[in-house]
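Colleague: Take a look at this one; I'll ask things after.
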Amino acid sequence: MTYPNYLTKRRDRLKKWLKENNLQGCLIQDPTNLFYYTGMHMSAGILFFTQKKQVLIADYRYAARCQQLAPFPVLATKSYASALKKLSFPKEMAVDGDIFTLSVAKQYASYTKIKSIPGLLGNLRICKDTEEIKRIKKSCEITAKGYTYIKKHFKEGVTEKELAFKLEFYLRKLGAEKMSFDPIVAFGKNSANPHYTPQDVKLKKNDVILIDSGCIYDGYCSDMTRTYLVGKAAPKMQRIYDLVAQIQKEAIEMCQVGVPLDSIEKATHTFFKKHEVDDLFIHSLGHGLGIEIHEAPRYNTKNCVEEGMVLTVEPGLYIDGLGGVRIEDTLLVTQKGPKILTQ
């Protein structure tokens, strides 16, 4: 059986990582990482992974598809407990401590010793392979087209909910599986709430419009935010818009291979402090993105920027009772510098 080359490479990379870290094996059973290693969306399953043997324990519902796609022998079962008894466990197996719950770990107590390594699997997905980059690019392309489309509907009287629905409908029409998250559409003072939920609020003349959205294409996310100052903007809003636009451009340029991630966020705070607005910047600069909308790396770590990372850069300033500004793009880190994907 011939499997997609990118899945074989991911399997081999995990084997290499285990060997380098003197680990006998690992257990994977969360849907995100099962998708990463099998290419399948599975709500249930266990990937038993050691240096010498890998077995995908699959529910009968997924068995036929797994045998066709996954680069592992498949053990179809109706009972995970009985399937585990058929495997030969090493003395110790690693799990991702950020995902594996204590109750699940206890289920393996009679088979092996569990070693918790927080971030194990998420860190192995930090740098995207060619297949992932292709899908993320397409997801970003669809999302960007959605923003071009939705501007045509900025008419007085339209509601936040109506714009959110129109945007989601259009993105799905272009090929999106679903949204990366529920779209944020906020008018006027509502834009000062970074995680706002669209309401039946109508667009008024000279309102600020903030839209934060993204979609999933072939399993991969995109994320993009734009703030529009419609009509005559309040001077305070125009000022914070200009500041956010300036630092967002500078922060993107700082996303070069070898630059510490935390230095980029610190530079953003330094810029805002210089202009006496840092207290209005109330969230992080951005996040990694891939199968999940928020994944490693984070900007508040000592990790350095690496080729193949996909990051968002989303500075924002928010004035209670008036409105907020956030501008966000998804970018790919290359050896030649950052490449914006949401244009």
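Every chain in the structure tokens takes a letter, A first, then B, and so on in the order presented; its residues are numbered from 1, and the ligands are numbered from 1 following the presented order.
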Compile the contact shell of Tyr241 in chain A as a PyMOL selection string: residues with an atom at most 8 Å away, counting only C-alpha atoms, same-chain residues fewer than 4 positions apart removed.

Modeller: chain A and resi 237+245+325-326

Colleague: Selection from above, C-alpha atoms, as a JSON list (two decimals), in the first residue's frame, can you write it?

Modeller:
[["chain", "number", "residue", "atom", "x", "y", "z"],
["A", 237, "MET", "CA", -10.05, 56.19, 16.91],
["A", 245, "ALA", "CA", -1.28, 49.76, 11.61],
["A", 325, "VAL", "CA", -8.83, 48.59, 16.60],
["A", 326, "ARG", "CA", -7.20, 45.27, 15.76]]

Colleague: Near Gly231 in chain A, within 9 Å and counting only C-alpha atoms, which residues show up once chain neighbours fewer than 6 positions away are dropped, as number ranges by chain?

Modeller: A: 205-208

Colleague: Calculated over only C-alpha atoms, which of the candidates A:Thr38, A:Ser82, A:Ser110, A:Gln51 has the smallest distance to Gln68 in chain A?

Modeller: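 Answer, going by the shortest atom-to-atom distance: A:Thr38.
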
Colleague: Give the answer as one residue: which of A:Leu322, A:Met224, A:Leu47, A:Leu167 has the shortest atom-to-atom distance to Ala70 in chain A, using only C-alpha atoms?

Modeller: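 Of A:Leu322, A:Met224, A:Leu47, A:Leu167, the one nearest Ala70 in chain A is A:Leu47, counting only C-alpha atoms.
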
Colleague: Taking a cut-off of 8 Å and counting only C-alpha atoms, can you build a table that, for each residue of range 98-193 of chain A near range 283-296 of chain A, reports the nearest atom pair and how far apart they are in Å (one decimal), sorted by chain then residue number, as a tab-separated table?

Modeller:
residue	atom	partner	partner_atom	distance
A:Gly122	CA	A:Ala296	CA	6.1
A:Asn123	CA	A:Ala296	CA	6.3
A:Arg125	CA	A:Ala296	CA	7.8
A:Ile126	CA	A:Ala296	CA	5.8
A:Lys128	CA	A:Gly290	CA	8.0
A:Glu132	CA	A:Gly290	CA	7.6
A:Ile136	CA	A:Gly290	CA	7.1
A:Ser180	CA	A:Ile293	CA	6.2
A:Phe181	CA	A:Ile293	CA	7.8

Colleague: In Å, with one decimal, what is the gap from CA of His41 in chain A to CA of Gly146 in chain A?

Modeller: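 Calculated distance between CA of His41 in chain A and CA of Gly146 in chain A is 25.8 Å.
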
Colleague: Give me the residues within 9 Å of range 190-202 of chain A as a PDB file with N, CA, C and O atoms, in the first residue's frame, counting only C-alpha atoms and dropping any in the same chain fewer than 5 places off.

Modeller:
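Dumped everything to around24.pdb:
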ATOM      1  N   GLU A 156     -25.762  51.221   6.185  1.00  0.00           N
ATOM      2  CA  GLU A 156     -26.487  51.588   7.407  1.00  0.00           C
ATOM      3  C   GLU A 156     -27.713  50.701   7.576  1.00  0.00           C
ATOM      4  O   GLU A 156     -28.450  50.461   6.627  1.00  0.00           O
ATOM      5  N   GLY A 157     -27.884  50.200   8.793  1.00  0.00           N
ATOM      6  CA  GLY A 157     -29.038  49.363   9.084  1.00  0.00           C
ATOM      7  C   GLY A 157     -28.748  47.872   9.097  1.00  0.00           C
ATOM      8  O   GLY A 157     -29.504  47.099   9.692  1.00  0.00           O
ATOM      9  N   VAL A 158     -27.656  47.452   8.435  1.00  0.00           N
ATOM     10  CA  VAL A 158     -27.301  46.036   8.474  1.00  0.00           C
ATOM     11  C   VAL A 158     -26.860  45.696   9.896  1.00  0.00           C
ATOM     12  O   VAL A 158     -26.291  46.534  10.595  1.00  0.00           O
ATOM     13  N   THR A 159     -27.138  44.500  10.369  1.00  0.00           N
ATOM     14  CA  THR A 159     -26.775  44.132  11.736  1.00  0.00           C
ATOM     15  C   THR A 159     -25.466  43.335  11.764  1.00  0.00           C
ATOM     16  O   THR A 159     -25.035  42.777  10.738  1.00  0.00           O
ATOM     17  N   GLU A 160     -24.878  43.279  12.951  1.00  0.00           N
ATOM     18  CA  GLU A 160     -23.649  42.498  13.140  1.00  0.00           C
ATOM     19  C   GLU A 160     -23.892  41.036  12.774  1.00  0.00           C
ATOM     20  O   GLU A 160     -23.079  40.407  12.094  1.00  0.00           O
ATOM     21  N   LYS A 161     -25.040  40.500  13.226  1.00  0.00           N
ATOM     22  CA  LYS A 161     -25.365  39.102  12.941  1.00  0.00           C
ATOM     23  C   LYS A 161     -25.507  38.855  11.442  1.00  0.00           C
ATOM     24  O   LYS A 161     -25.065  37.820  10.924  1.00  0.00           O
ATOM     25  N   GLU A 162     -26.126  39.797  10.739  1.00  0.00           N
ATOM     26  CA  GLU A 162     -26.317  39.638   9.298  1.00  0.00           C
ATOM     27  C   GLU A 162     -24.983  39.597   8.566  1.00  0.00           C
ATOM     28  O   GLU A 162     -24.772  38.768   7.671  1.00  0.00           O
ATOM     29  N   LEU A 163     -24.053  40.484   8.946  1.00  0.00           N
ATOM     30  CA  LEU A 163     -22.738  40.490   8.304  1.00  0.00           C
ATOM     31  C   LEU A 163     -21.988  39.197   8.591  1.00  0.00           C
ATOM     32  O   LEU A 163     -21.334  38.636   7.707  1.00  0.00           O
ATOM     33  N   ALA A 164     -22.067  38.716   9.834  1.00  0.00           N
ATOM     34  CA  ALA A 164     -21.391  37.469  10.206  1.00  0.00           C
ATOM     35  C   ALA A 164     -21.932  36.302   9.380  1.00  0.00           C
ATOM     36  O   ALA A 164     -21.168  35.460   8.892  1.00  0.00           O
ATOM     37  N   ASP A 182     -16.236  31.109  15.610  1.00  0.00           N
ATOM     38  CA  ASP A 182     -17.390  31.950  15.299  1.00  0.00           C
ATOM     39  C   ASP A 182     -16.906  33.359  14.950  1.00  0.00           C
ATOM     40  O   ASP A 182     -16.163  33.977  15.724  1.00  0.00           O
ATOM     41  N   PRO A 183     -17.288  33.892  13.788  1.00  0.00           N
ATOM     42  CA  PRO A 183     -16.799  35.210  13.382  1.00  0.00           C
ATOM     43  C   PRO A 183     -17.151  36.296  14.394  1.00  0.00           C
ATOM     44  O   PRO A 183     -18.226  36.283  14.998  1.00  0.00           O
ATOM     45  N   ILE A 184     -16.224  37.224  14.572  1.00  0.00           N
ATOM     46  CA  ILE A 184     -16.467  38.402  15.404  1.00  0.00           C
ATOM     47  C   ILE A 184     -16.781  39.562  14.464  1.00  0.00           C
ATOM     48  O   ILE A 184     -15.977  39.903  13.601  1.00  0.00           O
ATOM     49  N   VAL A 185     -17.960  40.121  14.600  1.00  0.00           N
ATOM     50  CA  VAL A 185     -18.349  41.330  13.867  1.00  0.00           C
ATOM     51  C   VAL A 185     -18.858  42.310  14.908  1.00  0.00           C
ATOM     52  O   VAL A 185     -19.846  42.033  15.597  1.00  0.00           O
ATOM     53  N   VAL A 208     -17.268  52.493  13.655  1.00  0.00           N
ATOM     54  CA  VAL A 208     -16.120  51.644  13.388  1.00  0.00           C
ATOM     55  C   VAL A 208     -16.652  50.222  13.220  1.00  0.00           C
ATOM     56  O   VAL A 208     -17.637  49.837  13.864  1.00  0.00           O
ATOM     57  N   ILE A 209     -16.044  49.448  12.322  1.00  0.00           N
ATOM     58  CA  ILE A 209     -16.431  48.056  12.108  1.00  0.00           C
ATOM     59  C   ILE A 209     -15.195  47.193  12.299  1.00  0.00           C
ATOM     60  O   ILE A 209     -14.186  47.382  11.609  1.00  0.00           O
ATOM     61  N   LEU A 210     -15.271  46.243  13.237  1.00  0.00           N
ATOM     62  CA  LEU A 210     -14.167  45.301  13.442  1.00  0.00           C
ATOM     63  C   LEU A 210     -14.655  43.903  13.097  1.00  0.00           C
ATOM     64  O   LEU A 210     -15.678  43.459  13.596  1.00  0.00           O
ATOM     65  N   ILE A 211     -13.917  43.231  12.209  1.00  0.00           N
ATOM     66  CA  ILE A 211     -14.260  41.869  11.814  1.00  0.00           C
ATOM     67  C   ILE A 211     -13.042  40.971  11.996  1.00  0.00           C
ATOM     68  O   ILE A 211     -11.969  41.242  11.474  1.00  0.00           O
ATOM     69  N   THR A 227     -10.085  46.282  10.749  1.00  0.00           N
ATOM     70  CA  THR A 227     -10.903  47.326  11.369  1.00  0.00           C
ATOM     71  C   THR A 227     -11.124  48.407  10.333  1.00  0.00           C
ATOM     72  O   THR A 227     -10.171  48.863   9.690  1.00  0.00           O
ATOM     73  N   ILE A 282      -4.466  44.747  25.408  1.00  0.00           N
ATOM     74  CA  ILE A 282      -4.873  43.851  26.498  1.00  0.00           C
ATOM     75  C   ILE A 282      -4.831  42.364  26.141  1.00  0.00           C
ATOM     76  O   ILE A 282      -5.389  41.536  26.859  1.00  0.00           O
ATOM     77  N   HIS A 283      -4.159  42.014  25.052  1.00  0.00           N
ATOM     78  CA  HIS A 283      -4.000  40.596  24.716  1.00  0.00           C
ATOM     79  C   HIS A 283      -2.614  40.378  24.113  1.00  0.00           C
ATOM     80  O   HIS A 283      -1.848  41.327  23.939  1.00  0.00           O
ATOM     81  N   GLY A 316      -3.588  45.221  18.994  1.00  0.00           N
ATOM     82  CA  GLY A 316      -4.883  45.888  19.089  1.00  0.00           C
ATOM     83  C   GLY A 316      -4.899  46.884  20.235  1.00  0.00           C
ATOM     84  O   GLY A 316      -4.186  46.716  21.225  1.00  0.00           O
ATOM     85  N   LEU A 317      -5.690  47.913  20.089  1.00  0.00           N
ATOM     86  CA  LEU A 317      -5.891  48.921  21.137  1.00  0.00           C
ATOM     87  C   LEU A 317      -7.397  49.114  21.308  1.00  0.00           C
ATOM     88  O   LEU A 317      -8.136  49.205  20.308  1.00  0.00           O
ATOM     89  N   TYR A 318      -7.832  49.210  22.578  1.00  0.00           N
ATOM     90  CA  TYR A 318      -9.268  49.226  22.854  1.00  0.00           C
ATOM     91  C   TYR A 318      -9.606  50.312  23.871  1.00  0.00           C
ATOM     92  O   TYR A 318      -9.014  50.363  24.951  1.00  0.00           O
ATOM     93  N   ILE A 319     -10.564  51.171  23.507  1.00  0.00           N
ATOM     94  CA  ILE A 319     -10.998  52.263  24.384  1.00  0.00           C
ATOM     95  C   ILE A 319     -12.442  51.982  24.799  1.00  0.00           C
ATOM     96  O   ILE A 319     -13.365  52.020  23.973  1.00  0.00           O
ATOM     97  N   ASP A 320     -12.619  51.680  26.074  1.00  0.00           N
ATOM     98  CA  ASP A 320     -13.952  51.367  26.603  1.00  0.00           C
ATOM     99  C   ASP A 320     -14.939  52.485  26.302  1.00  0.00           C
ATOM    100  O   ASP A 320     -14.651  53.661  26.521  1.00  0.00           O
ATOM    101  N   GLY A 321     -16.110  52.121  25.808  1.00  0.00           N
ATOM    102  CA  GLY A 321     -17.150  53.098  25.542  1.00  0.00           C
ATOM    103  C   GLY A 321     -17.014  53.814  24.207  1.00  0.00           C
ATOM    104  O   GLY A 321     -17.921  54.533  23.791  1.00  0.00           O
ATOM    105  N   LEU A 322     -15.880  53.624  23.516  1.00  0.00           N
ATOM    106  CA  LEU A 322     -15.671  54.276  22.224  1.00  0.00           C
ATOM    107  C   LEU A 322     -15.507  53.254  21.107  1.00  0.00           C
ATOM    108  O   LEU A 322     -16.240  53.256  20.125  1.00  0.00           O
ATOM    109  N   GLY A 323     -14.520  52.368  21.263  1.00  0.00           N
ATOM    110  CA  GLY A 323     -14.293  51.354  20.231  1.00  0.00           C
ATOM    111  C   GLY A 323     -12.871  50.828  20.272  1.00  0.00           C
ATOM    112  O   GLY A 323     -12.035  51.297  21.050  1.00  0.00           O
ATOM    113  N   GLY A 324     -12.610  49.843  19.437  1.00  0.00           N
ATOM    114  CA  GLY A 324     -11.287  49.241  19.394  1.00  0.00           C
ATOM    115  C   GLY A 324     -10.789  49.049  17.982  1.00  0.00           C
ATOM    116  O   GLY A 324     -11.562  49.097  17.018  1.00  0.00           O
ATOM    117  N   VAL A 325      -9.474  48.835  17.889  1.00  0.00           N
ATOM    118  CA  VAL A 325      -8.833  48.587  16.596  1.00  0.00           C
ATOM    119  C   VAL A 325      -7.945  47.365  16.734  1.00  0.00           C
ATOM    120  O   VAL A 325      -7.130  47.284  17.653  1.00  0.00           O
ATOM    121  N   ARG A 326      -8.113  46.409  15.846  1.00  0.00           N
ATOM    122  CA  ARG A 326      -7.204  45.268  15.761  1.00  0.00           C
ATOM    123  C   ARG A 326      -6.964  44.979  14.284  1.00  0.00           C
ATOM    124  O   ARG A 326      -7.909  44.991  13.484  1.00  0.00           O
TER     125      ARG A 326
END

Colleague: Can you check which residues of range 112-288 of chain A DSSP gives as alpha helix (DSSP H) on the backbone and send them as a count of residues only?

Modeller: 74

Colleague: In Å, rounded to a single decimal, give me how far CA of Tyr36 in chain A is from CA of Pro90 in chain A.

Modeller: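 Atom-to-atom, CA of Pro90 in chain A to CA of Tyr36 in chain A, that is 23.8 Å.
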